[in-house]
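This report refers to the structure that appears directly beneath it.
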Amino acid sequence: MPLLALPLPSSEAYIDAFSRAELPVLRHTVRAFEELRSAEHAPGAREIAAVVLADPLMTLRLLTHLESNRRASQNHDITTIERAVLMLGVEPFFTAFSGLATVEDNLAAYPKALVVVLKLIARARRAAMFAREFATMRRDHDVQEITVATLLHETTEIVCAIHAPTLTLDAIGRRRTEPARPAAAVQREVFGVSAAELQHALISAWRLPGLLAGLLDSSHADNPRVRTITLATRFARNQARGWSSPALASDLTELEELLHQPRETLLQRLGVPAEIRVHLLPDAPEE
């Protein structure tokens with residue numbers, strides 16, 4: 001599919017365009033698969049899953065591939081990556097995912113958009129790391145499901161940046177000029193639709209497992225598992241601006257309520273350095 005230079009008329013048009021285009025993955029992912037496949041000893045599902053989970057685009061490709069090729073005898077959703085690899089099998093996995101297109105090649109003529117995509121992917125990884133920690137503290141019954149869903153939470157923005165780099169850079173430029181404007185309003189102005197609105201449609205089009213789709217549904221905001229994902233994503237977004245970001249205070253307050261943990265314990269579990277923790281506590285001295 002040619003990269004989009006102009007907005008499309010509807011969400012349905014974006015879904016159709018994105019569904020027809022091959023979703024690229026990180027070049028590092030392709031190289032890691034080549035190394036695993038040529039290794040002296042056959043890799044296990046856990047080794048392959050570790051590579052997949054480092055790349056939200058590859059994670060999405062694997063889950064949608066498995067769902068699209070679902071066996072009639074499969075009566076339950078596969079929602080974690082190691083299980084997905086086990087279900088597919090090691091050799092069939094490498095056969096299905098050979099010759100993958102890469103993000104770096106796709107955006108070779110758009111280096112600024114490539115930087116945006118790499119930053120979004122790094123933030124998605126960080127959000128997934130936070131979510132895994134939060135889910136562990138909540139004693140969630142399947143921490144890996146929460147981790148995978150969080151990794152996919154920002155995939156819509158990543159896909160838009162890959163397939164519509166000029167529109168994405170336009171939206172970012174407008175946000176920088178008018179930082180007080182809501183992101184959704186700018187997205188509608190540039191794309192004709194917000195990322196959140198597009199995500200609902202894409203989740204259905206991608207045929208994600210029902211449980212993961214439910215975890216990504218913002219209408220279930222009161223569900224503790226969905227809140228875990230939402231807060232982890234928001235916390236990663238705000239923390240990317242630095243530990244001094246004022247927005248972190250309200251995030252931490254909500255996390256204390258969700259996790260039933262005092263703030264100092266929470267900050268320690270997140271590995272926040274002591275010299276920074278002191279400024280994030282409720283009774284922190286004013287500078």
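Chains: A, B, ... in order of the structure tokens. Residues: from 1 per chain. Ligands: from 1, in order shown.
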Using 6 Å as the limit and counting only C-alpha atoms, can you tabulate each residue of range 56-140 of chain A that touches range 211-234 of chain A, with its shortest atom-to-atom distance in Å and the two atoms involved, as JSON lines?
```
{"residue": "A:Ala127", "atom": "CA", "partner": "A:Thr233", "partner_atom": "CA", "distance": 4.9}
{"residue": "A:Phe130", "atom": "CA", "partner": "A:Ala232", "partner_atom": "CA", "distance": 5.6}
{"residue": "A:Ala131", "atom": "CA", "partner": "A:Ala232", "partner_atom": "CA", "distance": 5.1}
```
Output C-alpha atoms of each residue in that selection to a file, as a short mmCIF file (atom, residue, chain, number, x, y, z; two decimals), in the first residue's frame.
```cif
data_model
loop_
_atom_site.label_atom_id
_atom_site.label_comp_id
_atom_site.auth_asym_id
_atom_site.auth_seq_id
_atom_site.Cartn_x
_atom_site.Cartn_y
_atom_site.Cartn_z
CA ALA A 127 4.27 0.59 29.68
CA PHE A 130 5.02 -1.17 34.38
CA ALA A 131 1.83 -3.15 33.77
#
```
Asp251 in chain A surroundings by only C-alpha atoms, 10 Å radius, close-in-sequence under 4 positions cut, as a ChimeraX atom specification: /A:231-232,234-235,238-239,246-247,255-256
Quick one: write out the picked residues with N, CA, C and O atoms as a short mmCIF file (atom, residue, chain, number, x, y, z; two decimals), in the first residue's frame?
```
data_model
loop_
_atom_site.label_atom_id
_atom_site.label_comp_id
_atom_site.auth_asym_id
_atom_site.auth_seq_id
_atom_site.Cartn_x
_atom_site.Cartn_y
_atom_site.Cartn_z
N LEU A 231 -3.60 2.78 33.34
CA LEU A 231 -2.68 3.54 34.20
C LEU A 231 -1.22 3.28 33.82
O LEU A 231 -0.40 4.20 33.86
N ALA A 232 -0.90 2.05 33.48
CA ALA A 232 0.47 1.74 33.06
C ALA A 232 0.84 2.51 31.80
O ALA A 232 1.94 3.06 31.69
N ARG A 234 -0.59 5.35 30.69
CA ARG A 234 -0.52 6.77 31.00
C ARG A 234 0.73 7.10 31.80
O ARG A 234 1.39 8.13 31.57
N PHE A 235 1.07 6.23 32.75
CA PHE A 235 2.26 6.45 33.57
C PHE A 235 3.51 6.45 32.70
O PHE A 235 4.40 7.30 32.86
N ASN A 238 3.64 9.75 30.71
CA ASN A 238 4.03 10.90 31.53
C ASN A 238 5.48 10.77 32.02
O ASN A 238 6.22 11.76 32.08
N GLN A 239 5.89 9.55 32.34
CA GLN A 239 7.26 9.35 32.83
C GLN A 239 8.28 9.60 31.73
O GLN A 239 9.42 9.97 32.00
N PRO A 246 4.87 16.93 36.39
CA PRO A 246 3.80 17.14 37.38
C PRO A 246 2.67 16.13 37.25
O PRO A 246 1.97 15.85 38.23
N ALA A 247 2.46 15.59 36.06
CA ALA A 247 1.35 14.66 35.83
C ALA A 247 1.53 13.35 36.59
O ALA A 247 0.55 12.62 36.80
N LEU A 255 -2.69 4.93 41.30
CA LEU A 255 -2.04 3.63 41.43
C LEU A 255 -2.07 3.15 42.88
O LEU A 255 -2.26 1.95 43.14
N GLU A 256 -1.89 4.06 43.83
CA GLU A 256 -1.99 3.68 45.24
C GLU A 256 -3.37 3.09 45.55
O GLU A 256 -3.48 2.09 46.26
#
```
CA of Gly192 in chain A to CA of Leu120 in chain A, distance in Å rounded to a single decimal: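 The value is 21.2 Å.
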Close residues, Val85 in chain A itself excluded, 8 Å, only C-alpha atoms, min 3 positions apart in chain, as a VMD selection string: chain A and resid 45 48 to 49 81 to 82 88 to 90 93
Range 107-109 of chain A environment, 12 Å, only C-alpha atoms, sequence neighbours closer than 3 positions dropped, as an NGL selection string: :A and (2-3 or 24-27 or 101-104 or 112-118 or 159 or 161-166)
Could you dump the residues just selected with N, CA, C and O atoms as an mmCIF file, in the first residue's frame?
```cif
data_model
loop_
_atom_site.group_PDB
_atom_site.id
_atom_site.type_symbol
_atom_site.label_atom_id
_atom_site.label_comp_id
_atom_site.auth_asym_id
_atom_site.auth_seq_id
_atom_site.Cartn_x
_atom_site.Cartn_y
_atom_site.Cartn_z
ATOM 1 N N PRO A 2 0.578 2.241 -0.867
ATOM 2 C CA PRO A 2 1.328 3.497 -0.830
ATOM 3 C C PRO A 2 1.082 4.204 0.496
ATOM 4 O O PRO A 2 -0.002 4.099 1.078
ATOM 5 N N LEU A 3 2.091 4.923 0.973
ATOM 6 C CA LEU A 3 1.920 5.658 2.216
ATOM 7 C C LEU A 3 0.876 6.757 2.020
ATOM 8 O O LEU A 3 0.819 7.402 0.970
ATOM 9 N N PRO A 24 4.814 -4.040 8.946
ATOM 10 C CA PRO A 24 6.242 -4.351 9.116
ATOM 11 C C PRO A 24 6.585 -4.557 10.590
ATOM 12 O O PRO A 24 5.794 -4.242 11.480
ATOM 13 N N VAL A 25 7.759 -5.087 10.825
ATOM 14 C CA VAL A 25 8.263 -5.279 12.182
ATOM 15 C C VAL A 25 9.637 -4.611 12.272
ATOM 16 O O VAL A 25 10.181 -4.130 11.278
ATOM 17 N N LEU A 26 10.197 -4.584 13.466
ATOM 18 C CA LEU A 26 11.517 -3.975 13.634
ATOM 19 C C LEU A 26 12.600 -4.815 12.956
ATOM 20 O O LEU A 26 12.527 -6.051 12.941
ATOM 21 N N ARG A 27 13.596 -4.141 12.414
ATOM 22 C CA ARG A 27 14.714 -4.847 11.781
ATOM 23 C C ARG A 27 15.404 -5.761 12.793
ATOM 24 O O ARG A 27 15.836 -6.869 12.458
ATOM 25 N N ALA A 101 8.737 -7.621 6.125
ATOM 26 C CA ALA A 101 9.099 -6.226 5.853
ATOM 27 C C ALA A 101 9.496 -5.554 7.163
ATOM 28 O O ALA A 101 9.023 -5.947 8.239
ATOM 29 N N THR A 102 10.350 -4.533 7.077
ATOM 30 C CA THR A 102 10.792 -3.861 8.294
ATOM 31 C C THR A 102 10.329 -2.404 8.332
ATOM 32 O O THR A 102 10.157 -1.760 7.296
ATOM 33 N N VAL A 103 10.152 -1.924 9.552
ATOM 34 C CA VAL A 103 9.770 -0.532 9.767
ATOM 35 C C VAL A 103 10.832 0.400 9.185
ATOM 36 O O VAL A 103 10.513 1.414 8.541
ATOM 37 N N GLU A 104 12.093 0.047 9.400
ATOM 38 C CA GLU A 104 13.181 0.906 8.946
ATOM 39 C C GLU A 104 13.178 1.071 7.427
ATOM 40 O O GLU A 104 13.406 2.175 6.919
ATOM 41 N N LYS A 112 12.243 11.297 10.271
ATOM 42 C CA LYS A 112 11.593 11.869 11.459
ATOM 43 C C LYS A 112 10.431 10.995 11.920
ATOM 44 O O LYS A 112 10.211 10.810 13.122
ATOM 45 N N ALA A 113 9.678 10.460 10.979
ATOM 46 C CA ALA A 113 8.582 9.562 11.337
ATOM 47 C C ALA A 113 9.117 8.265 11.928
ATOM 48 O O ALA A 113 8.509 7.689 12.847
ATOM 49 N N LEU A 114 10.260 7.797 11.426
ATOM 50 C CA LEU A 114 10.878 6.592 11.978
ATOM 51 C C LEU A 114 11.240 6.809 13.447
ATOM 52 O O LEU A 114 11.007 5.934 14.292
ATOM 53 N N VAL A 115 11.780 7.970 13.751
ATOM 54 C CA VAL A 115 12.121 8.290 15.144
ATOM 55 C C VAL A 115 10.862 8.253 16.014
ATOM 56 O O VAL A 115 10.864 7.732 17.130
ATOM 57 N N VAL A 116 9.767 8.799 15.493
ATOM 58 C CA VAL A 116 8.492 8.781 16.219
ATOM 59 C C VAL A 116 8.064 7.344 16.503
ATOM 60 O O VAL A 116 7.680 7.002 17.631
ATOM 61 N N VAL A 117 8.120 6.484 15.487
ATOM 62 C CA VAL A 117 7.711 5.090 15.652
ATOM 63 C C VAL A 117 8.579 4.391 16.689
ATOM 64 O O VAL A 117 8.069 3.672 17.569
ATOM 65 N N LEU A 118 9.880 4.591 16.622
ATOM 66 C CA LEU A 118 10.785 3.934 17.572
ATOM 67 C C LEU A 118 10.537 4.419 18.998
ATOM 68 O O LEU A 118 10.605 3.634 19.953
ATOM 69 N N VAL A 159 0.831 2.246 14.058
ATOM 70 C CA VAL A 159 0.414 1.894 12.697
ATOM 71 C C VAL A 159 0.151 3.141 11.864
ATOM 72 O O VAL A 159 0.533 3.217 10.689
ATOM 73 N N ALA A 161 1.568 6.044 12.254
ATOM 74 C CA ALA A 161 2.866 6.663 11.952
ATOM 75 C C ALA A 161 3.595 5.910 10.849
ATOM 76 O O ALA A 161 4.310 6.515 10.031
ATOM 77 N N ILE A 162 3.406 4.591 10.776
ATOM 78 C CA ILE A 162 4.061 3.782 9.745
ATOM 79 C C ILE A 162 3.422 4.005 8.379
ATOM 80 O O ILE A 162 4.119 4.183 7.372
ATOM 81 N N HIS A 163 2.107 4.023 8.330
ATOM 82 C CA HIS A 163 1.407 4.085 7.044
ATOM 83 C C HIS A 163 1.019 5.505 6.618
ATOM 84 O O HIS A 163 0.694 5.722 5.449
ATOM 85 N N ALA A 164 1.053 6.440 7.558
ATOM 86 C CA ALA A 164 0.722 7.837 7.225
ATOM 87 C C ALA A 164 1.710 8.773 7.925
ATOM 88 O O ALA A 164 1.338 9.576 8.780
ATOM 89 N N PRO A 165 3.003 8.680 7.554
ATOM 90 C CA PRO A 165 4.033 9.447 8.273
ATOM 91 C C PRO A 165 3.859 10.957 8.178
ATOM 92 O O PRO A 165 4.085 11.671 9.169
ATOM 93 N N THR A 166 3.459 11.484 7.012
ATOM 94 C CA THR A 166 3.334 12.942 6.891
ATOM 95 C C THR A 166 2.174 13.464 7.737
ATOM 96 O O THR A 166 2.278 14.529 8.351
#
```
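One distance worth recording is that between CA of Leu63 in chain A and CA of Glu197 in chain A, which is 21.5 Å.
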Alpha helix (DSSP H) call set, DSSP backbone run, range 83-278 of chain A, as an NGL selection string: :A and (83-88 or 90-96 or 103-106 or 111-137 or 143-152 or 155-163 or 165-177 or 183-191 or 195-206 or 210-215 or 224-239 or 248-259 or 263-269 or 274-278)
Length of the CA of Arg277 in chain A to CA of Lys119 in chain A vector [Å]: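 CA of Lys119 in chain A lies at a distance of 25.0 Å from CA of Arg277 in chain A.
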Exercise: Asp77 in chain A partners within 12 Å, only C-alpha atoms, chain neighbours under 5 positions left out, as a ChimeraX atom specification: /A:63-64,66-68,70-71,83-84,87,145,207-213
Within 12 Å of range 14-23 of chain A using only C-alpha atoms, minus same-chain residues under 4 positions, as JSON, numbers by chain: {"A": [1, 2, 3, 4, 6, 7, 8, 9, 10, 56, 57, 58, 59, 60, 61, 62, 64, 65, 97, 99, 100, 101, 102, 103, 105, 106, 155, 156, 158, 159, 160, 161, 162, 163, 164, 191, 192, 193, 194, 195, 197, 198, 199, 200, 201, 202, 203, 204, 205, 206, 207]}
